[in-house]
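Working notes, beginning with the structure itself.
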Amino acid sequence: MNADGRRTEDALELLSAPAEWDLPPGRHLHYKDVLMQQIDQDLGHVPASDPTPAPAPRRRLTRPAVLVPLASTVLAGALAVTLTVTGGGHGPAPTDRTATAGAHARSASVTLNRIAVAAMASDATPVRDDQFVYVRSLTVENKGTFEGPVELGAPHTVETWTSQDPRPLKTLGWMRESGKDAVMPDETIPIESSDAVPAGIDHPTYAWLSSLPTDPDALLTLLRRDVRVSDGESREQAVFSLIGDLLSQTLMPPRNTAALYKAAARIPGVEEIPNAVDVAGRHGIAITREDASSATRDEWIFDKHSLAFLGARGFITHDKQKGITSDTLMGSTAVLRRAVVDRHGEKSAGADS
């Protein structure tokens with residue numbers, strides 16, 4: 001086997017490694033792009049270039065961060081198409097944002113504590129170990145090529161059914177996408193791991209989430225210890241993104257939801273943005289954190305009145321290779337419905353988000 005073939009095989013191993021269950025979709029995108037580029041090189045479609053690519057934008061939005069089916073991830077790279085180049089940004093210019101960072105941080109802390117109070121007042125939705133958590137989201141993601149500009153696809157629906165079985169599982173749930181630019185549209189795909197994964201950060205069941213500390217300092221300590229940090233990413237950003245994943249893709253008791261918000265308020269660099277819009281067009285207030293290490297910015301959007309979680313957006317803040325010099329939207333998701341169901345594929349009545 002030649003060196004190019006060996007690199008392709010290595011990339012495939014990365015995609016199927018059990019640790020992928022907590023990899024953000026941006027890191028999946030990175031591995032996927034590396035894989036597709038190496039396959040092209042193996043087939044002689046493109047000339048070999050520097051084997052060390054520029055740091056890939058890390059995104060947790062375009063696929064469920066904890067639940068990414070192997071087949072879907074690989075196929076997404078093969079089906080990537082060229083669409084309209086879309087950049088996004090808002091709020092003050094970077095110099096202005098730096099000057100007001102202290103005020104924004106204080107405001108974010110106050111707002112996150114208000115959101116925590118609202119979460120505590122919400123109704124609990126108990127989930128049995130033999131059930132599934134169903135989440136329906138509207139998602140837009142980057143469909144651009146490895147070296148090309150950010151090119152957003154059309155918004156499409158993503159549905160996930162997450163198993164609540166606490167035992168080590170290889171099939172952690174199921175996914176179905178529909179609409180233009182969906183991967184394997186209208187097919188229900190198993191979300192699988194090469195190794196059995198027990199309940200935990202990589203398999204966040206209701207029961208496991210219920211067992212987490214409700215003291216925000218203790219919770220933050222646990223998350224900092226256990227979170228997986230991708231190359232070029234700060235640990236604080238990894239924790240911030242992990243909290244966002246758990247808030248958007250799971251169900252948990254109100255006390256644990258509130259503890260996550262209070263823990264997020266303690267992460268350095270967290271700021272507030274007074275107006276943001278999710279992919280469904282809903283306006284809200286946003287909590288954001290920019291990570292200089294990975295040149296990305298994550299954003300959580302909440303309803304201004306109920307303070308309910310609406311969705312999230314992710315931005316690349318700069319990338320010389322792609323010619324990005326200001327905030328460019330990389331992906332966005334809006335959570336539309338959550339429910340508890342007895343079998344995957346079911347869509348029983350549930351509260352719209």
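Chain labels run A, B, ... following the order of the structure tokens; each chain numbers its residues from 1, and ligands are numbered from 1 in the order shown.
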(message) Excluding Val227 (chain A) and its own-chain neighbours fewer than 2 positions away, which residues fall within 7 Å of it when counting only C-alpha atoms? Please give them as a PyMOL selection string.
(response) chain A and resi 223-225+229+238-239
Could you please take those selected residues and save C-alpha atoms as a short mmCIF file (atom, residue, chain, number, x, y, z; two decimals), in the first residue's frame?
data_model
loop_
_atom_site.label_atom_id
_atom_site.label_comp_id
_atom_site.auth_asym_id
_atom_site.auth_seq_id
_atom_site.Cartn_x
_atom_site.Cartn_y
_atom_site.Cartn_z
CA LEU A 223 -17.08 19.07 32.51
CA ARG A 224 -13.60 20.58 32.30
CA ARG A 225 -12.15 17.27 33.41
CA VAL A 229 -10.73 19.04 23.33
CA ALA A 238 -14.85 22.88 24.34
CA VAL A 239 -16.85 23.06 27.58
#
(request) Taking the DSSP assignment computed from this structure's backbone, write out as a ChimeraX atom specification all residues of region 161-239 of chain A that belong to strand (DSSP E or B). (result) /A:161-163,169-178,189-197,200,203
Save the residues we just selected, C-alpha atoms, as a PDB file, in the first residue's frame?
ATOM      1  CA  TRP A 161     -34.126   9.571  18.301  1.00  0.00           C
ATOM      2  CA  THR A 162     -31.640   9.138  21.149  1.00  0.00           C
ATOM      3  CA  SER A 163     -31.720   5.867  23.070  1.00  0.00           C
ATOM      4  CA  LEU A 169     -24.559   0.433  23.168  1.00  0.00           C
ATOM      5  CA  LYS A 170     -23.208   0.373  19.645  1.00  0.00           C
ATOM      6  CA  THR A 171     -26.445   1.812  18.232  1.00  0.00           C
ATOM      7  CA  LEU A 172     -26.980   5.004  20.233  1.00  0.00           C
ATOM      8  CA  GLY A 173     -29.975   6.242  18.300  1.00  0.00           C
ATOM      9  CA  TRP A 174     -31.356   7.014  14.870  1.00  0.00           C
ATOM     10  CA  MET A 175     -31.360   9.978  12.496  1.00  0.00           C
ATOM     11  CA  ARG A 176     -33.456  11.081   9.555  1.00  0.00           C
ATOM     12  CA  GLU A 177     -32.982  14.136   7.319  1.00  0.00           C
ATOM     13  CA  SER A 178     -35.429  15.586   4.825  1.00  0.00           C
ATOM     14  CA  ILE A 189     -30.052   5.888   9.620  1.00  0.00           C
ATOM     15  CA  PRO A 190     -28.689   4.141  12.727  1.00  0.00           C
ATOM     16  CA  ILE A 191     -26.280   6.200  14.793  1.00  0.00           C
ATOM     17  CA  GLU A 192     -23.562   3.689  15.459  1.00  0.00           C
ATOM     18  CA  SER A 193     -20.240   3.410  17.245  1.00  0.00           C
ATOM     19  CA  SER A 194     -17.539   0.864  16.549  1.00  0.00           C
ATOM     20  CA  ASP A 195     -17.341   0.210  20.310  1.00  0.00           C
ATOM     21  CA  ALA A 196     -20.148  -0.072  22.845  1.00  0.00           C
ATOM     22  CA  VAL A 197     -20.681   3.272  24.615  1.00  0.00           C
ATOM     23  CA  GLY A 200     -22.085   9.411  29.899  1.00  0.00           C
ATOM     24  CA  HIS A 203     -24.147   8.878  25.438  1.00  0.00           C
TER      25      HIS A 203
END
Selection: 10 Å around region 132-134 of chain A, only C-alpha atoms, excl. self and same-chain fewer than 2 positions, as a compact mmCIF listing (two decimals) with N, CA, C and O atoms, in the first residue's frame:
# COMPACT_ATOMS: atom_id res chain seq x y z
N VAL A 127 -38.13 10.68 31.62
CA VAL A 127 -37.86 9.77 30.50
C VAL A 127 -37.41 8.43 31.07
O VAL A 127 -36.50 8.38 31.90
N ARG A 128 -38.04 7.35 30.63
CA ARG A 128 -37.66 6.02 31.08
C ARG A 128 -36.46 5.49 30.29
O ARG A 128 -36.20 5.93 29.17
N ASP A 129 -35.79 4.52 30.87
CA ASP A 129 -34.62 3.94 30.21
C ASP A 129 -34.96 3.22 28.91
O ASP A 129 -34.08 3.03 28.05
N ASP A 130 -36.22 2.79 28.75
CA ASP A 130 -36.59 2.05 27.54
C ASP A 130 -37.17 2.97 26.46
O ASP A 130 -37.66 2.49 25.44
N ARG A 136 -36.57 17.41 16.79
CA ARG A 136 -36.66 17.84 15.39
C ARG A 136 -36.08 19.24 15.28
O ARG A 136 -36.48 20.15 16.02
N GLU A 159 -34.07 15.00 12.19
CA GLU A 159 -34.76 14.37 13.31
C GLU A 159 -33.84 13.33 13.93
O GLU A 159 -33.18 12.57 13.22
N THR A 160 -33.78 13.30 15.26
CA THR A 160 -32.97 12.30 15.96
C THR A 160 -33.80 11.63 17.04
O THR A 160 -34.65 12.26 17.67
N TRP A 161 -33.53 10.35 17.22
CA TRP A 161 -34.13 9.57 18.30
C TRP A 161 -32.97 9.01 19.12
O TRP A 161 -32.24 8.12 18.66
N THR A 162 -32.77 9.53 20.31
CA THR A 162 -31.64 9.14 21.15
C THR A 162 -32.07 8.08 22.15
O THR A 162 -32.98 8.32 22.96
N SER A 163 -31.41 6.94 22.13
CA SER A 163 -31.72 5.87 23.07
C SER A 163 -31.38 6.29 24.49
O SER A 163 -30.34 6.91 24.74
N GLN A 164 -32.25 5.93 25.43
CA GLN A 164 -32.02 6.23 26.84
C GLN A 164 -31.52 5.01 27.62
O GLN A 164 -31.36 5.08 28.84
N ASP A 165 -31.29 3.92 26.92
CA ASP A 165 -30.78 2.71 27.54
C ASP A 165 -29.39 2.99 28.10
O ASP A 165 -28.47 3.35 27.35
N LEU A 172 -26.59 4.02 19.22
CA LEU A 172 -26.98 5.00 20.23
C LEU A 172 -28.27 5.72 19.90
O LEU A 172 -28.83 6.42 20.74
N GLY A 173 -28.75 5.56 18.69
CA GLY A 173 -29.98 6.24 18.30
C GLY A 173 -30.17 6.14 16.80
O GLY A 173 -29.55 5.30 16.13
N TRP A 174 -31.01 7.03 16.28
CA TRP A 174 -31.36 7.01 14.87
C TRP A 174 -31.50 8.44 14.38
O TRP A 174 -31.80 9.35 15.15
N MET A 175 -31.27 8.65 13.09
CA MET A 175 -31.36 9.98 12.50
C MET A 175 -32.08 9.90 11.16
O MET A 175 -31.95 8.92 10.42
N THR A 205 -27.80 10.13 28.51
CA THR A 205 -29.18 9.75 28.80
C THR A 205 -29.78 10.68 29.86
O THR A 205 -29.06 11.38 30.58
N TYR A 206 -31.09 10.64 29.96
CA TYR A 206 -31.79 11.44 30.98
C TYR A 206 -31.30 11.07 32.37
O TYR A 206 -31.05 11.94 33.21
N GLN A 249 -29.86 19.14 22.45
CA GLN A 249 -30.11 17.81 21.89
C GLN A 249 -30.64 16.79 22.88
O GLN A 249 -30.80 15.62 22.52
N THR A 250 -30.92 17.21 24.11
CA THR A 250 -31.36 16.26 25.12
C THR A 250 -32.56 16.80 25.88
O THR A 250 -33.01 17.93 25.67
N LEU A 251 -33.09 15.97 26.76
CA LEU A 251 -34.04 16.38 27.80
C LEU A 251 -33.43 16.03 29.14
O LEU A 251 -32.80 14.98 29.28
N ARG A 337 -38.89 20.97 17.99
CA ARG A 337 -39.73 20.09 18.81
C ARG A 337 -38.88 19.09 19.57
O ARG A 337 -37.89 18.58 19.04
N ARG A 338 -39.30 18.82 20.81
CA ARG A 338 -38.71 17.74 21.61
C ARG A 338 -39.86 16.90 22.14
O ARG A 338 -40.91 17.43 22.49
N ALA A 339 -39.66 15.62 22.23
CA ALA A 339 -40.69 14.74 22.76
C ALA A 339 -40.05 13.47 23.29
O ALA A 339 -38.89 13.17 22.99
N VAL A 340 -40.80 12.73 24.06
CA VAL A 340 -40.39 11.42 24.55
C VAL A 340 -41.26 10.38 23.85
O VAL A 340 -42.49 10.49 23.87
N VAL A 341 -40.63 9.41 23.21
CA VAL A 341 -41.37 8.40 22.46
C VAL A 341 -40.90 7.01 22.88
O VAL A 341 -39.82 6.85 23.46
N ASP A 342 -41.73 6.02 22.56
CA ASP A 342 -41.42 4.65 22.96
C ASP A 342 -40.56 3.91 21.95
O ASP A 342 -39.90 2.92 22.31
N ARG A 343 -40.60 4.35 20.69
CA ARG A 343 -39.82 3.68 19.65
C ARG A 343 -39.22 4.71 18.71
O ARG A 343 -39.83 5.77 18.49
N HIS A 344 -38.08 4.41 18.12
CA HIS A 344 -37.52 5.33 17.15
C HIS A 344 -38.43 5.36 15.91
O HIS A 344 -39.04 4.35 15.55
N GLY A 345 -38.52 6.51 15.31
CA GLY A 345 -39.43 6.71 14.18
C GLY A 345 -40.75 7.34 14.58
O GLY A 345 -41.46 7.89 13.74
N GLU A 346 -41.08 7.28 15.89
CA GLU A 346 -42.32 7.89 16.36
C GLU A 346 -42.17 9.39 16.49
O GLU A 346 -41.08 9.92 16.73
N LYS A 347 -43.31 10.10 16.34
CA LYS A 347 -43.33 11.55 16.49
C LYS A 347 -44.55 11.91 17.34
O LYS A 347 -45.46 12.61 16.89
N SER A 348 -44.59 11.46 18.55
CA SER A 348 -45.75 11.71 19.40
C SER A 348 -45.78 13.19 19.78
O SER A 348 -44.82 13.92 19.60
N GLY A 350 -45.44 16.56 21.46
CA GLY A 350 -44.41 17.10 22.34
C GLY A 350 -44.39 18.60 22.25
O GLY A 350 -44.97 19.18 21.35
(message) Here is a test: counting only C-alpha atoms, which residue of A:Leu329, A:Ile273, A:Val117, A:Ile285 is nearest to Ala259 (chain A)?
(response) A:Val117
(message) Just want the 7 Å neighbourhood of region 301-314 of chain A, counted on only C-alpha atoms, with same-chain residues fewer than 2 positions away dropped. Output as a VMD selection string.
(response) chain A and resid 59 61 115 118 276 278 284 to 287 297 to 299 329 to 335 353
Pull C-alpha atoms from the residues just selected and write them as an mmCIF file, in the first residue's frame.
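This is the output file out-v9.cif:
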data_model
loop_
_atom_site.group_PDB
_atom_site.id
_atom_site.type_symbol
_atom_site.label_atom_id
_atom_site.label_comp_id
_atom_site.auth_asym_id
_atom_site.auth_seq_id
_atom_site.Cartn_x
_atom_site.Cartn_y
_atom_site.Cartn_z
ATOM 1 C CA ARG A 59 -18.489 23.448 14.279
ATOM 2 C CA LEU A 61 -24.089 22.761 14.726
ATOM 3 C CA ILE A 115 -32.340 31.871 32.020
ATOM 4 C CA ALA A 118 -36.714 30.320 34.001
ATOM 5 C CA ALA A 276 -29.813 37.332 16.987
ATOM 6 C CA ASP A 278 -31.986 31.483 14.285
ATOM 7 C CA GLY A 284 -33.937 36.374 20.381
ATOM 8 C CA ILE A 285 -31.168 37.316 22.747
ATOM 9 C CA ALA A 286 -27.863 35.472 22.320
ATOM 10 C CA ILE A 287 -25.108 34.207 24.573
ATOM 11 C CA ARG A 297 -17.500 31.875 17.738
ATOM 12 C CA ASP A 298 -20.440 29.904 19.133
ATOM 13 C CA GLU A 299 -23.812 31.476 19.801
ATOM 14 C CA LEU A 329 -21.703 32.055 9.346
ATOM 15 C CA MET A 330 -20.637 28.408 9.270
ATOM 16 C CA GLY A 331 -23.859 26.726 10.394
ATOM 17 C CA SER A 332 -27.115 27.314 12.201
ATOM 18 C CA THR A 333 -29.783 25.167 13.835
ATOM 19 C CA ALA A 334 -33.228 25.843 15.301
ATOM 20 C CA VAL A 335 -34.781 23.343 17.706
ATOM 21 C CA SER A 353 -39.376 24.715 21.392
#
(request) Mind giving me the straight-line distance from CA of Gly144 (chain A) to CA of Asp181 (chain A) in Å, one decimal? (result)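 Separation between CA of Gly144 (chain A) and CA of Asp181 (chain A): 12.2 Å.
Using only C-alpha atoms for every distance, the candidate list A:Ser326, A:Ser230, A:Thr257, A:Ser248 yields A:Ser248 as the residue closest to Trp300 (chain A).
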(request) One decimal, Å: what's the distance from CA of Glu236 (chain A) over to CA of Asp291 (chain A), could you say? (result)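 Interatomic distance here is 8.5 Å.
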(request) Counting only C-alpha atoms, figure out which residue out of A:Asp217, A:Asp327, A:Asp226, A:Glu151 gets nearest to Ala264 (chain A). (result) A:Asp217
(request) To one decimal in Å, tell me the separation between CA of Val270 (chain A) and CA of Ala108 (chain A). (result)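 Between these atoms lies a distance of 6.5 Å.
If only C-alpha atoms are the atoms counted, then among A:Asn256, A:Ser293, A:Thr188, A:Thr288 the closest residue to Glu271 (chain A) is A:Thr288.
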